[in-house]
file final26.pdb (PDB, C-alpha atoms)
MODEL        1
ATOM      1  CA  MET A 101     -96.949 -59.002 259.838
ATOM      2  CA  ALA A 102     -97.217 -59.619 256.099
ATOM      3  CA  ILE A 103     -94.385 -61.519 254.491
ATOM      4  CA  LYS A 104     -92.758 -59.582 251.686
ATOM      5  CA  PRO A 105     -92.544 -61.691 248.516
ATOM      6  CA  SER A 106     -89.110 -62.386 247.106
ATOM      7  CA  LYS A 107     -87.924 -61.228 243.679
ATOM      8  CA  GLN A 108     -88.375 -64.734 242.314
ATOM      9  CA  GLU A 109     -91.949 -64.883 243.555
ATOM     10  CA  LYS A 110     -92.659 -61.476 242.007
ATOM     11  CA  LYS A 111     -91.312 -62.723 238.677
ATOM     12  CA  VAL A 112     -93.572 -65.787 238.835
ATOM     13  CA  VAL A 113     -96.637 -63.661 239.577
ATOM     14  CA  TYR A 114     -95.743 -61.220 236.785
ATOM     15  CA  ASP A 115     -95.229 -64.075 234.316
ATOM     16  CA  GLN A 116     -98.621 -65.571 235.215
ATOM     17  CA  LYS A 117    -100.347 -62.216 234.818
ATOM     18  CA  LEU A 118     -98.777 -61.497 231.427
ATOM     19  CA  CYS A 119     -99.525 -64.993 230.089
ATOM     20  CA  GLN A 120    -103.124 -64.642 231.248
ATOM     21  CA  LEU A 121    -103.455 -61.341 229.390
ATOM     22  CA  LEU A 122    -101.961 -62.908 226.263
ATOM     23  CA  ASP A 123    -104.659 -65.590 226.418
ATOM     24  CA  LEU A 124    -107.510 -63.121 226.916
ATOM     25  CA  TYR A 125    -106.592 -60.316 224.505
ATOM     26  CA  SER A 126    -105.699 -60.147 220.824
ATOM     27  CA  GLN A 127    -105.144 -56.374 220.621
ATOM     28  CA  VAL A 128    -102.215 -54.551 222.206
ATOM     29  CA  LEU A 129    -100.993 -50.957 222.111
ATOM     30  CA  ILE A 130     -97.257 -50.561 222.658
ATOM     31  CA  VAL A 131     -96.758 -47.234 224.437
ATOM     32  CA  GLY A 132     -93.728 -45.158 225.363
ATOM     33  CA  ALA A 133     -93.719 -44.083 229.012
ATOM     34  CA  ASP A 134     -90.896 -41.525 229.183
ATOM     35  CA  ASN A 135     -91.404 -38.848 231.854
ATOM     36  CA  VAL A 136     -94.728 -40.367 232.974
ATOM     37  CA  GLY A 137     -95.192 -40.275 236.748
ATOM     38  CA  SER A 138     -96.872 -42.884 238.906
ATOM     39  CA  ASN A 139     -99.883 -40.662 239.687
ATOM     40  CA  GLN A 140    -100.374 -39.947 236.010
ATOM     41  CA  LEU A 141    -100.135 -43.642 235.184
ATOM     42  CA  GLN A 142    -102.691 -44.403 237.874
ATOM     43  CA  GLY A 143    -105.085 -41.924 236.270
ATOM     44  CA  ILE A 144    -104.635 -43.616 232.887
ATOM     45  CA  ARG A 145    -105.337 -47.021 234.425
ATOM     46  CA  SER A 146    -108.495 -45.646 236.025
ATOM     47  CA  GLY A 147    -109.655 -44.059 232.765
ATOM     48  CA  LEU A 148    -109.145 -47.262 230.773
ATOM     49  CA  ARG A 149    -110.678 -49.558 233.363
ATOM     50  CA  GLY A 150    -113.184 -51.927 231.811
ATOM     51  CA  ASP A 151    -112.051 -53.242 228.436
ATOM     52  CA  SER A 152    -108.355 -52.352 228.777
ATOM     53  CA  VAL A 153    -105.458 -53.282 231.062
ATOM     54  CA  VAL A 154    -102.164 -51.378 231.354
ATOM     55  CA  LEU A 155     -99.088 -53.502 232.096
ATOM     56  CA  MET A 156     -95.649 -52.085 232.753
ATOM     57  CA  GLY A 157     -92.453 -54.000 233.460
ATOM     58  CA  LYS A 158     -88.898 -54.681 232.471
ATOM     59  CA  ASN A 159     -88.403 -55.484 228.808
ATOM     60  CA  THR A 160     -86.406 -58.625 229.595
ATOM     61  CA  MET A 161     -89.216 -60.002 231.762
ATOM     62  CA  MET A 162     -91.865 -59.231 229.153
ATOM     63  CA  LYS A 163     -89.819 -60.834 226.375
ATOM     64  CA  ARG A 164     -89.176 -63.936 228.470
ATOM     65  CA  SER A 165     -92.872 -64.357 229.346
ATOM     66  CA  ILE A 166     -93.939 -63.903 225.709
ATOM     67  CA  ARG A 167     -91.449 -66.532 224.530
ATOM     68  CA  LEU A 168     -92.563 -69.017 227.184
ATOM     69  CA  HIS A 169     -96.205 -68.398 226.319
ATOM     70  CA  ALA A 170     -95.493 -69.048 222.628
ATOM     71  CA  GLU A 171     -93.722 -72.327 223.485
ATOM     72  CA  LYS A 172     -96.575 -73.525 225.720
ATOM     73  CA  THR A 173     -99.496 -72.575 223.478
ATOM     74  CA  GLY A 174     -97.899 -72.826 220.032
ATOM     75  CA  ASN A 175     -99.253 -69.353 219.239
ATOM     76  CA  ASN A 176     -96.307 -67.499 217.721
ATOM     77  CA  ASN A 177     -98.249 -64.357 216.782
ATOM     78  CA  TYR A 178     -97.206 -62.531 219.928
ATOM     79  CA  LEU A 179     -93.534 -63.035 219.030
ATOM     80  CA  ASN A 180     -94.053 -60.030 216.714
ATOM     81  CA  LEU A 181     -94.081 -57.904 219.864
ATOM     82  CA  LEU A 182     -90.495 -58.741 220.806
ATOM     83  CA  PRO A 183     -88.741 -56.277 218.452
ATOM     84  CA  LEU A 184     -91.015 -53.509 219.756
ATOM     85  CA  LEU A 185     -90.039 -53.882 223.412
ATOM     86  CA  VAL A 186     -87.197 -51.379 223.332
ATOM     87  CA  GLY A 187     -86.719 -48.493 225.741
ATOM     88  CA  ASN A 188     -89.163 -47.397 228.412
ATOM     89  CA  VAL A 189     -92.331 -49.001 227.055
ATOM     90  CA  GLY A 190     -95.485 -50.622 228.361
ATOM     91  CA  LEU A 191     -98.380 -52.664 227.005
ATOM     92  CA  ILE A 192    -102.071 -51.803 226.914
ATOM     93  CA  PHE A 193    -104.206 -54.904 226.336
ATOM     94  CA  THR A 194    -107.684 -54.034 225.088
ATOM     95  CA  LYS A 195    -110.881 -55.495 223.703
ATOM     96  CA  GLY A 196    -112.311 -52.111 222.763
ATOM     97  CA  ASP A 197    -112.026 -50.033 219.626
ATOM     98  CA  LEU A 198    -108.347 -49.253 219.081
ATOM     99  CA  LYS A 199    -108.986 -45.682 217.947
ATOM    100  CA  GLU A 200    -111.193 -44.912 220.934
ATOM    101  CA  VAL A 201    -108.634 -46.378 223.336
ATOM    102  CA  SER A 202    -105.825 -44.350 221.750
ATOM    103  CA  GLU A 203    -107.918 -41.176 222.063
ATOM    104  CA  GLU A 204    -108.594 -41.957 225.721
ATOM    105  CA  VAL A 205    -104.878 -42.429 226.381
ATOM    106  CA  ALA A 206    -104.107 -39.089 224.704
ATOM    107  CA  LYS A 207    -106.366 -37.267 227.184
ATOM    108  CA  TYR A 208    -104.034 -37.967 230.078
ATOM    109  CA  LYS A 209    -101.212 -35.630 229.175
ATOM    110  CA  VAL A 210     -99.717 -33.431 231.873
ATOM    111  CA  GLY A 211     -97.912 -30.143 231.324
ATOM    112  CA  ALA A 212     -94.285 -30.068 232.437
ATOM    113  CA  PRO A 213     -91.602 -27.381 232.768
ATOM    114  CA  ALA A 214     -88.460 -27.330 230.669
ATOM    115  CA  ARG A 215     -85.791 -28.951 232.824
ATOM    116  CA  VAL A 216     -82.076 -28.527 232.178
ATOM    117  CA  GLY A 217     -80.624 -31.263 229.976
ATOM    118  CA  LEU A 218     -84.027 -32.487 228.788
ATOM    119  CA  VAL A 219     -84.379 -33.140 225.054
ATOM    120  CA  ALA A 220     -87.161 -30.949 223.712
ATOM    121  CA  PRO A 221     -89.991 -33.000 222.122
ATOM    122  CA  ILE A 222     -91.338 -29.895 220.331
ATOM    123  CA  ASP A 223     -90.228 -26.415 219.264
ATOM    124  CA  VAL A 224     -90.568 -23.855 222.051
ATOM    125  CA  ILE A 225     -91.533 -20.348 220.887
ATOM    126  CA  VAL A 226     -91.760 -17.458 223.324
ATOM    127  CA  PRO A 227     -94.646 -15.194 222.256
ATOM    128  CA  PRO A 228     -94.333 -11.386 222.150
ATOM    129  CA  GLY A 229     -95.917  -9.307 224.877
ATOM    130  CA  ASN A 230     -95.451  -8.014 228.381
ATOM    131  CA  THR A 231     -93.547 -10.423 230.615
ATOM    132  CA  GLY A 232     -94.336  -8.727 233.920
ATOM    133  CA  LEU A 233     -90.651  -8.813 234.845
ATOM    134  CA  ASP A 234     -88.845  -5.729 236.108
ATOM    135  CA  PRO A 235     -86.003  -4.156 234.071
ATOM    136  CA  SER A 236     -83.343  -5.837 236.225
ATOM    137  CA  GLN A 237     -84.215  -9.158 234.526
ATOM    138  CA  THR A 238     -83.162  -8.004 231.068
ATOM    139  CA  SER A 239     -79.884  -9.964 231.352
ATOM    140  CA  PHE A 240     -81.792 -13.233 230.748
ATOM    141  CA  PHE A 241     -83.140 -11.901 227.471
ATOM    142  CA  GLN A 242     -79.789 -10.470 226.374
ATOM    143  CA  VAL A 243     -78.040 -13.832 226.855
ATOM    144  CA  LEU A 244     -80.621 -15.499 224.620
ATOM    145  CA  ASN A 245     -80.667 -12.656 222.042
ATOM    146  CA  ILE A 246     -84.328 -11.904 222.620
ATOM    147  CA  PRO A 247     -85.274  -8.368 221.525
ATOM    148  CA  THR A 248     -87.057  -6.473 224.326
ATOM    149  CA  LYS A 249     -88.061  -3.012 225.394
ATOM    150  CA  ILE A 250     -89.079  -1.395 228.664
ATOM    151  CA  ASN A 251     -92.765  -0.532 228.739
ATOM    152  CA  LYS A 252     -94.396   0.951 231.857
ATOM    153  CA  GLY A 253     -91.631  -0.306 234.078
ATOM    154  CA  THR A 254     -91.673  -3.933 232.842
ATOM    155  CA  VAL A 255     -89.846  -5.918 230.182
ATOM    156  CA  GLU A 256     -91.780  -6.510 226.988
ATOM    157  CA  ILE A 257     -90.788  -8.994 224.252
ATOM    158  CA  ILE A 258     -91.029  -7.329 220.841
ATOM    159  CA  THR A 259     -91.186 -10.309 218.455
ATOM    160  CA  PRO A 260     -91.842 -14.053 218.844
ATOM    161  CA  VAL A 261     -88.633 -15.976 219.417
ATOM    162  CA  GLU A 262     -87.888 -19.657 218.757
ATOM    163  CA  LEU A 263     -86.159 -20.381 222.066
ATOM    164  CA  ILE A 264     -85.629 -24.143 221.755
ATOM    165  CA  ARG A 265     -85.827 -26.388 218.714
ATOM    166  CA  LYS A 266     -87.179 -29.895 218.697
ATOM    167  CA  GLY A 267     -84.455 -32.423 219.504
ATOM    168  CA  GLU A 268     -82.203 -29.909 221.243
ATOM    169  CA  LYS A 269     -81.269 -30.116 224.932
ATOM    170  CA  VAL A 270     -82.681 -27.480 227.233
ATOM    171  CA  GLY A 271     -79.958 -25.184 228.573
ATOM    172  CA  SER A 272     -79.859 -23.560 232.003
ATOM    173  CA  SER A 273     -80.632 -20.077 230.630
ATOM    174  CA  GLU A 274     -83.633 -21.291 228.624
ATOM    175  CA  ALA A 275     -84.980 -23.248 231.594
ATOM    176  CA  ALA A 276     -84.569 -20.274 233.948
ATOM    177  CA  LEU A 277     -86.292 -17.880 231.538
ATOM    178  CA  LEU A 278     -89.251 -20.185 230.917
ATOM    179  CA  ALA A 279     -89.613 -20.696 234.658
ATOM    180  CA  LYS A 280     -89.656 -16.923 235.248
ATOM    181  CA  LEU A 281     -92.275 -16.488 232.517
ATOM    182  CA  GLY A 282     -94.382 -19.304 233.964
ATOM    183  CA  ILE A 283     -94.313 -21.233 230.691
ATOM    184  CA  ARG A 284     -94.630 -25.031 230.881
ATOM    185  CA  PRO A 285     -93.923 -25.849 227.219
ATOM    186  CA  PHE A 286     -93.898 -29.620 227.313
ATOM    187  CA  SER A 287     -96.596 -32.187 227.982
ATOM    188  CA  TYR A 288     -96.027 -35.833 228.721
ATOM    189  CA  GLY A 289     -98.152 -38.950 228.685
ATOM    190  CA  LEU A 290     -98.223 -42.445 227.254
ATOM    191  CA  VAL A 291     -97.306 -42.224 223.571
ATOM    192  CA  ILE A 292     -98.566 -44.987 221.293
ATOM    193  CA  GLN A 293     -95.604 -46.275 219.285
ATOM    194  CA  SER A 294     -97.059 -49.365 217.596
ATOM    195  CA  VAL A 295    -100.320 -51.272 217.368
ATOM    196  CA  TYR A 296    -100.680 -55.064 217.497
ATOM    197  CA  ASP A 297    -103.882 -56.628 216.230
ATOM    198  CA  ASP A 298    -104.140 -60.416 216.106
ATOM    199  CA  GLY A 299    -100.625 -60.998 214.750
ATOM    200  CA  SER A 300    -100.359 -57.833 212.642
ATOM    201  CA  VAL A 301     -98.223 -54.881 213.709
ATOM    202  CA  PHE A 302     -98.735 -51.432 212.223
ATOM    203  CA  SER A 303     -98.116 -47.748 212.876
ATOM    204  CA  PRO A 304    -100.588 -45.807 215.075
ATOM    205  CA  GLU A 305    -101.170 -43.371 212.181
ATOM    206  CA  VAL A 306    -103.343 -46.086 210.619
ATOM    207  CA  LEU A 307    -105.909 -45.527 213.376
ATOM    208  CA  ASP A 308    -106.469 -41.977 212.130
ATOM    209  CA  LEU A 309    -107.488 -43.115 208.650
ATOM    210  CA  THR A 310    -111.123 -42.426 207.788
ATOM    211  CA  GLU A 311    -113.349 -44.298 205.353
ATOM    212  CA  ASP A 312    -112.785 -41.552 202.778
ATOM    213  CA  ASP A 313    -109.006 -41.983 203.140
ATOM    214  CA  LEU A 314    -109.307 -45.727 202.537
ATOM    215  CA  ILE A 315    -111.494 -45.183 199.461
ATOM    216  CA  GLU A 316    -109.015 -42.648 198.092
ATOM    217  CA  LYS A 317    -106.060 -44.981 198.632
ATOM    218  CA  PHE A 318    -107.978 -47.882 197.059
ATOM    219  CA  ALA A 319    -108.871 -45.734 194.037
ATOM    220  CA  THR A 320    -105.220 -44.712 193.674
ATOM    221  CA  GLY A 321    -104.167 -48.359 193.761
ATOM    222  CA  VAL A 322    -106.751 -49.318 191.143
ATOM    223  CA  SER A 323    -105.547 -46.460 188.931
ATOM    224  CA  MET A 324    -101.932 -47.633 189.206
ATOM    225  CA  VAL A 325    -102.886 -51.239 188.376
ATOM    226  CA  THR A 326    -104.913 -50.023 185.394
ATOM    227  CA  SER A 327    -102.039 -47.905 184.079
ATOM    228  CA  LEU A 328     -99.578 -50.787 184.435
ATOM    229  CA  ALA A 329    -101.913 -53.254 182.731
ATOM    230  CA  LEU A 330    -102.522 -50.859 179.824
ATOM    231  CA  ALA A 331     -98.802 -50.187 179.419
ATOM    232  CA  LEU A 332     -98.083 -53.932 179.296
ATOM    233  CA  SER A 333    -101.186 -54.737 177.219
ATOM    234  CA  TYR A 334    -102.064 -57.255 179.915
ATOM    235  CA  PRO A 335    -105.832 -57.760 180.327
ATOM    236  CA  THR A 336    -107.181 -57.319 183.838
ATOM    237  CA  LEU A 337    -110.633 -56.646 185.218
ATOM    238  CA  VAL A 338    -109.922 -52.933 185.743
ATOM    239  CA  ALA A 339    -108.116 -52.469 182.422
ATOM    240  CA  ALA A 340    -110.604 -54.372 180.230
ATOM    241  CA  PRO A 341    -113.102 -51.463 179.781
ATOM    242  CA  HIS A 342    -110.294 -49.146 178.638
ATOM    243  CA  MET A 343    -108.959 -51.811 176.274
ATOM    244  CA  PHE A 344    -112.390 -52.288 174.695
ATOM    245  CA  ILE A 345    -112.858 -48.536 174.262
ATOM    246  CA  ASN A 346    -109.401 -48.123 172.732
ATOM    247  CA  ALA A 347    -110.028 -51.062 170.400
ATOM    248  CA  TYR A 348    -113.371 -49.544 169.349
ATOM    249  CA  LYS A 349    -111.657 -46.214 168.635
ATOM    250  CA  ASN A 350    -109.046 -47.932 166.452
ATOM    251  CA  VAL A 351    -111.637 -49.912 164.472
ATOM    252  CA  LEU A 352    -113.824 -46.810 164.147
ATOM    253  CA  ALA A 353    -110.873 -44.847 162.768
ATOM    254  CA  VAL A 354    -110.291 -47.553 160.154
ATOM    255  CA  ALA A 355    -114.000 -47.577 159.235
ATOM    256  CA  VAL A 356    -114.090 -43.796 158.835
ATOM    257  CA  ALA A 357    -110.961 -43.777 156.665
ATOM    258  CA  THR A 358    -112.124 -46.665 154.440
ATOM    259  CA  GLU A 359    -115.277 -48.076 152.904
ATOM    260  CA  TYR A 360    -115.473 -50.717 155.624
ATOM    261  CA  SER A 361    -118.391 -50.267 157.974
ATOM    262  CA  PHE A 362    -120.160 -51.903 160.882
ATOM    263  CA  PRO A 363    -123.353 -50.980 162.809
ATOM    264  CA  GLN A 364    -121.602 -48.984 165.562
ATOM    265  CA  ALA A 365    -119.768 -46.900 162.936
ATOM    266  CA  GLU A 366    -122.662 -46.082 160.606
ATOM    267  CA  LYS A 367    -124.129 -43.306 162.743
ATOM    268  CA  VAL A 368    -120.704 -41.671 163.142
ATOM    269  CA  LYS A 369    -120.239 -41.770 159.357
ATOM    270  CA  GLU A 370    -123.644 -40.153 158.867
ATOM    271  CA  TYR A 371    -122.718 -37.319 161.229
ATOM    272  CA  LEU A 372    -119.418 -36.797 159.402
ATOM    273  CA  LYS A 373    -121.172 -36.652 156.032
ATOM    274  CA  ASP A 374    -123.897 -34.311 157.269
ATOM    275  CA  PRO A 375    -122.976 -32.450 160.518
ATOM    276  CA  SER A 376    -126.431 -30.878 160.628
ATOM    277  CA  LYS A 377    -127.844 -34.252 161.694
ATOM    278  CA  PHE A 378    -125.642 -34.142 164.778
ATOM    279  CA  ALA A 379    -126.937 -30.664 165.616
ATOM    280  CA  VAL A 380    -130.544 -31.844 165.252
ATOM    281  CA  ALA A 381    -129.883 -34.893 167.439
ATOM    282  CA  ALA A 382    -128.187 -32.823 170.138
ATOM    283  CA  ALA A 383    -130.866 -30.125 170.274
ATOM    284  CA  PRO A 384    -133.544 -32.171 172.125
ATOM    285  CA  VAL A 385    -131.002 -33.239 174.719
ATOM    286  CA  ALA A 386    -130.038 -29.627 175.438
ATOM    287  CA  ALA A 387    -133.687 -28.611 175.653
ATOM    288  CA  ASP A 388    -134.736 -31.462 177.957
ATOM    289  CA  THR A 389    -133.759 -29.659 181.160
ATOM    290  CA  GLY A 390    -135.830 -26.598 180.367
ATOM    291  CA  ALA A 391    -138.678 -28.361 178.586
ATOM    292  CA  ALA A 392    -139.287 -31.082 181.124
ATOM    293  CA  PRO A 393    -140.811 -28.851 183.835
ATOM    294  CA  ALA A 394    -143.053 -27.193 181.251
ATOM    295  CA  ALA A 395    -144.196 -30.570 179.959
ATOM    296  CA  VAL A 396    -145.012 -31.701 183.479
ATOM    297  CA  ALA A 397    -146.976 -28.516 184.081
ATOM    298  CA  VAL A 398    -148.953 -29.038 180.849
ATOM    299  CA  GLU A 399    -149.718 -32.643 181.780
ATOM    300  CA  GLU A 400    -150.878 -31.595 185.232
ATOM    301  CA  LYS A 401    -153.000 -28.889 183.675
ATOM    302  CA  LYS A 402    -154.593 -31.387 181.296
ATOM    303  CA  GLU A 403    -155.327 -33.821 184.090
ATOM    304  CA  GLU A 404    -157.094 -31.311 186.345
ATOM    305  CA  PRO A 405    -160.488 -31.356 184.499
ATOM    306  CA  ALA A 406    -160.496 -35.148 184.715
ATOM    307  CA  GLU A 407    -160.959 -34.868 188.485
ATOM    308  CA  GLU A 408    -164.513 -33.528 187.880
ATOM    309  CA  SER A 409    -165.516 -35.615 184.854
ATOM    310  CA  ASP A 410    -169.065 -36.521 183.954
ATOM    311  CA  ASP A 411    -168.500 -39.991 185.386
ATOM    312  CA  ASP A 412    -167.617 -38.508 188.782
ATOM    313  CA  MET A 413    -170.772 -36.351 188.766
ATOM    314  CA  GLY A 414    -172.958 -39.287 187.788
ATOM    315  CA  PHE A 415    -173.740 -38.046 184.258
ATOM    316  CA  SER A 416    -171.733 -40.344 182.021
ATOM    317  CA  LEU A 417    -172.166 -39.583 178.327
ATOM    318  CA  PHE A 418    -171.759 -43.250 177.459
ATOM    319  CA  ASP A 419    -174.571 -44.616 179.633
TER     320      ASP A 419
ENDMDL
END

call {"tool": "encode", "arguments": {"input": "final26.pdb", "output": "structure tokens"}}
result
Amino acid sequence: MAIKPSKQEKKVVYDQKLCQLLDLYSQVLIVGADNVGSNQLQGIRSGLRGDSVVLMGKNTMMKRSIRLHAEKTGNNNYLNLLPLLVGNVGLIFTKGDLKEVSEEVAKYKVGAPARVGLVAPIDVIVPPGNTGLDPSQTSFFQVLNIPTKINKGTVEIITPVELIRKGEKVGSSEAALLAKLGIRPFSYGLVIQSVYDDGSVFSPEVLDLTEDDLIEKFATGVSMVTSLALALSYPTLVAAPHMFINAYKNVLAVAVATEYSFPQAEKVKEYLKDPSKFAVAAAPVAADTGAAPAAVAVEEKKEEPAEESDDDMGFSLFD
């Protein structure tokens, strides 16, 4: 007969397992586990098997093990996890890509009915259409102020109705109606609340950022720095080109308004004195797009006879 380990022995084993995971992994997903059943959790563990390990436990035990590990190893990075261990949470240690792991976790969501007293995680809207219920069930709809009509001996909902709002508790009437309609409005699974990566903690929304999003945010930041530097007249690498251009414009304005001149201003002065020169200079540029293909065609046409020259036929005129 196997000897059942004591609570103290279980705590020791759990502490050893958690400390071992802290040594092996530098990436952790902190997940909420509300309304997640044991079978569902087993499926998630099976799906993540390989590069990831799911660890559940009491928050006090996890906090204690993390503190002891930090004292033993001197690595205080994992202490950033302590404020996140609140409520019914678990840890997913992984060596894989964080986005791919989060997507894998999201696959294991299970539909659930609306139980009485449960706080709705989403808005519940009953769609219009035939319910299949007989006219004796109209009392449920009347209590909830849902407009209906009798069609071919069954109750039909006329318009879509917002039955439950997000954050509200499910009442007995709402739960009974949804059960009769066969609607399972909620789905539950492990919900990623925070992401830990080698000492840094950030929101899971960061995992959804694409390369284009990062470039856009970087460009916005550069634009803000440039605007600030220009407003303060403080030279920076991003503001320098604008400062040079603005300085050139100011000097050019002085040169145009006075007899002072410099090489970069002479051509502008010529155009101002005789605008026709500007029109002549701009004309070839406008014609380049249309003229270029024709020029290429002419060159190709000129080069064609050269392929059968006298030299190629053996009758060179210069021999």

call {"tool": "closest_residue", "arguments": {"input": "final26.pdb", "among": "A:Gly321, A:Gly143, A:Pro235, A:Pro335", "to": "Ile250 in chain A", "atoms": "all atoms listed in the file"}}
result
A:Pro235

call {"tool": "closest_residue", "arguments": {"input": "final26.pdb", "among": "A:Asp134, A:Asp123, A:Asp234, A:Asp197", "to": "Thr173 in chain A", "atoms": "all atoms listed in the file"}}
result
A:Asp123

call {"tool": "resolve_selection", "arguments": {"input": "final26.pdb", "expression": "the PyMOL selection byres ((chain A and resi 226) around 7)", "output": "list in words"}}
result
Val224, Ile225, Pro227, Pro228, Pro260, Val261, Glu262 and Leu263 of chain A

call {"tool": "residues_around", "arguments": {"input": "final26.pdb", "residues": "His169 in chain A", "least_positions_apart": "5", "cutoff": "8 Å", "atoms": "only C-alpha atoms", "output": "list in words"}}
result
Cys119, Leu122, Gly174 and Asn175 of chain A

call {"tool": "axis_aligned_box", "arguments": {"input": "final26.pdb", "around": "range 174-193 of chain A", "padding_each_side": "5 Å", "output": "lines of an AutoDock Vina configuration file"}}
result
center_x = -95.5
center_y = -60.1
center_z = 222.6
size_x = 27.5
size_y = 35.4
size_z = 21.7

call {"tool": "resolve_selection", "arguments": {"input": "final26.pdb", "expression": "the PyMOL selection byres ((chain A and resi 349-351) around 12)", "output": "NGL selection string"}}
result
:A and (342-348 or 352-358 or 360-365 or 368)

call {"tool": "closest_residue", "arguments": {"input": "final26.pdb", "among": "A:Phe240, A:Tyr208, A:Tyr334, A:Tyr114", "to": "Ser287 in chain A", "atoms": "all atoms listed in the file"}}
result
A:Tyr208

call {"tool": "resolve_selection", "arguments": {"input": "final26.pdb", "expression": "the PyMOL selection byres ((chain A and resi 127) around 6)", "output": "compact mmCIF listing (two decimals) with C-alpha atoms, keeping the file's coordinate frame"}}
result
# COMPACT_ATOMS: atom_id res chain seq x y z
CA TYR A 125 -106.59 -60.32 224.50
CA SER A 126 -105.70 -60.15 220.82
CA VAL A 128 -102.22 -54.55 222.21
CA PHE A 193 -104.21 -54.90 226.34
CA THR A 194 -107.68 -54.03 225.09
CA TYR A 296 -100.68 -55.06 217.50
CA ASP A 297 -103.88 -56.63 216.23

call {"tool": "atom_distance", "arguments": {"input": "final26.pdb", "atom1": "CA of Val201 in chain A", "atom2": "CA of Leu181 in chain A"}}
result
18.9 Å

call {"tool": "residues_around", "arguments": {"input": "final26.pdb", "residues": "Phe241 in chain A", "least_positions_apart": "3", "cutoff": "10 Å", "atoms": "only C-alpha atoms", "output": "PyMOL selection string"}}
result
chain A and resi 237-238+244-248+255+257+273-274+277

call {"tool": "residues_around", "arguments": {"input": "final26.pdb", "residues": "Ile222 in chain A", "least_positions_apart": "5", "cutoff": "9 Å", "atoms": "all atoms listed in the file", "output": "PyMOL selection string"}}
result
chain A and resi 264-267+285-286

call {"tool": "closest_residue", "arguments": {"input": "final26.pdb", "among": "A:Leu141, A:Val205, A:Ala170, A:Val210", "to": "Ile292 in chain A", "atoms": "only C-alpha atoms"}}
result
A:Val205

call {"tool": "atom_distance", "arguments": {"input": "final26.pdb", "atom1": "CA of Gly187 in chain A", "atom2": "CA of Leu309 in chain A"}}
result
27.4 Å

call {"tool": "closest_residue", "arguments": {"input": "final26.pdb", "among": "A:Val189, A:Ala319, A:Ala279, A:Leu129", "to": "Met162 in chain A", "atoms": "all atoms listed in the file"}}
result
A:Val189

call {"tool": "atom_distance", "arguments": {"input": "final26.pdb", "atom1": "CA of Lys269 in chain A", "atom2": "CA of Val216 in chain A"}}
result
7.5 Å

call {"tool": "closest_residue", "arguments": {"input": "final26.pdb", "among": "A:Ser327, A:Gln140, A:Thr231, A:Thr160", "to": "Glu256 in chain A", "atoms": "all atoms listed in the file"}}
result
A:Thr231
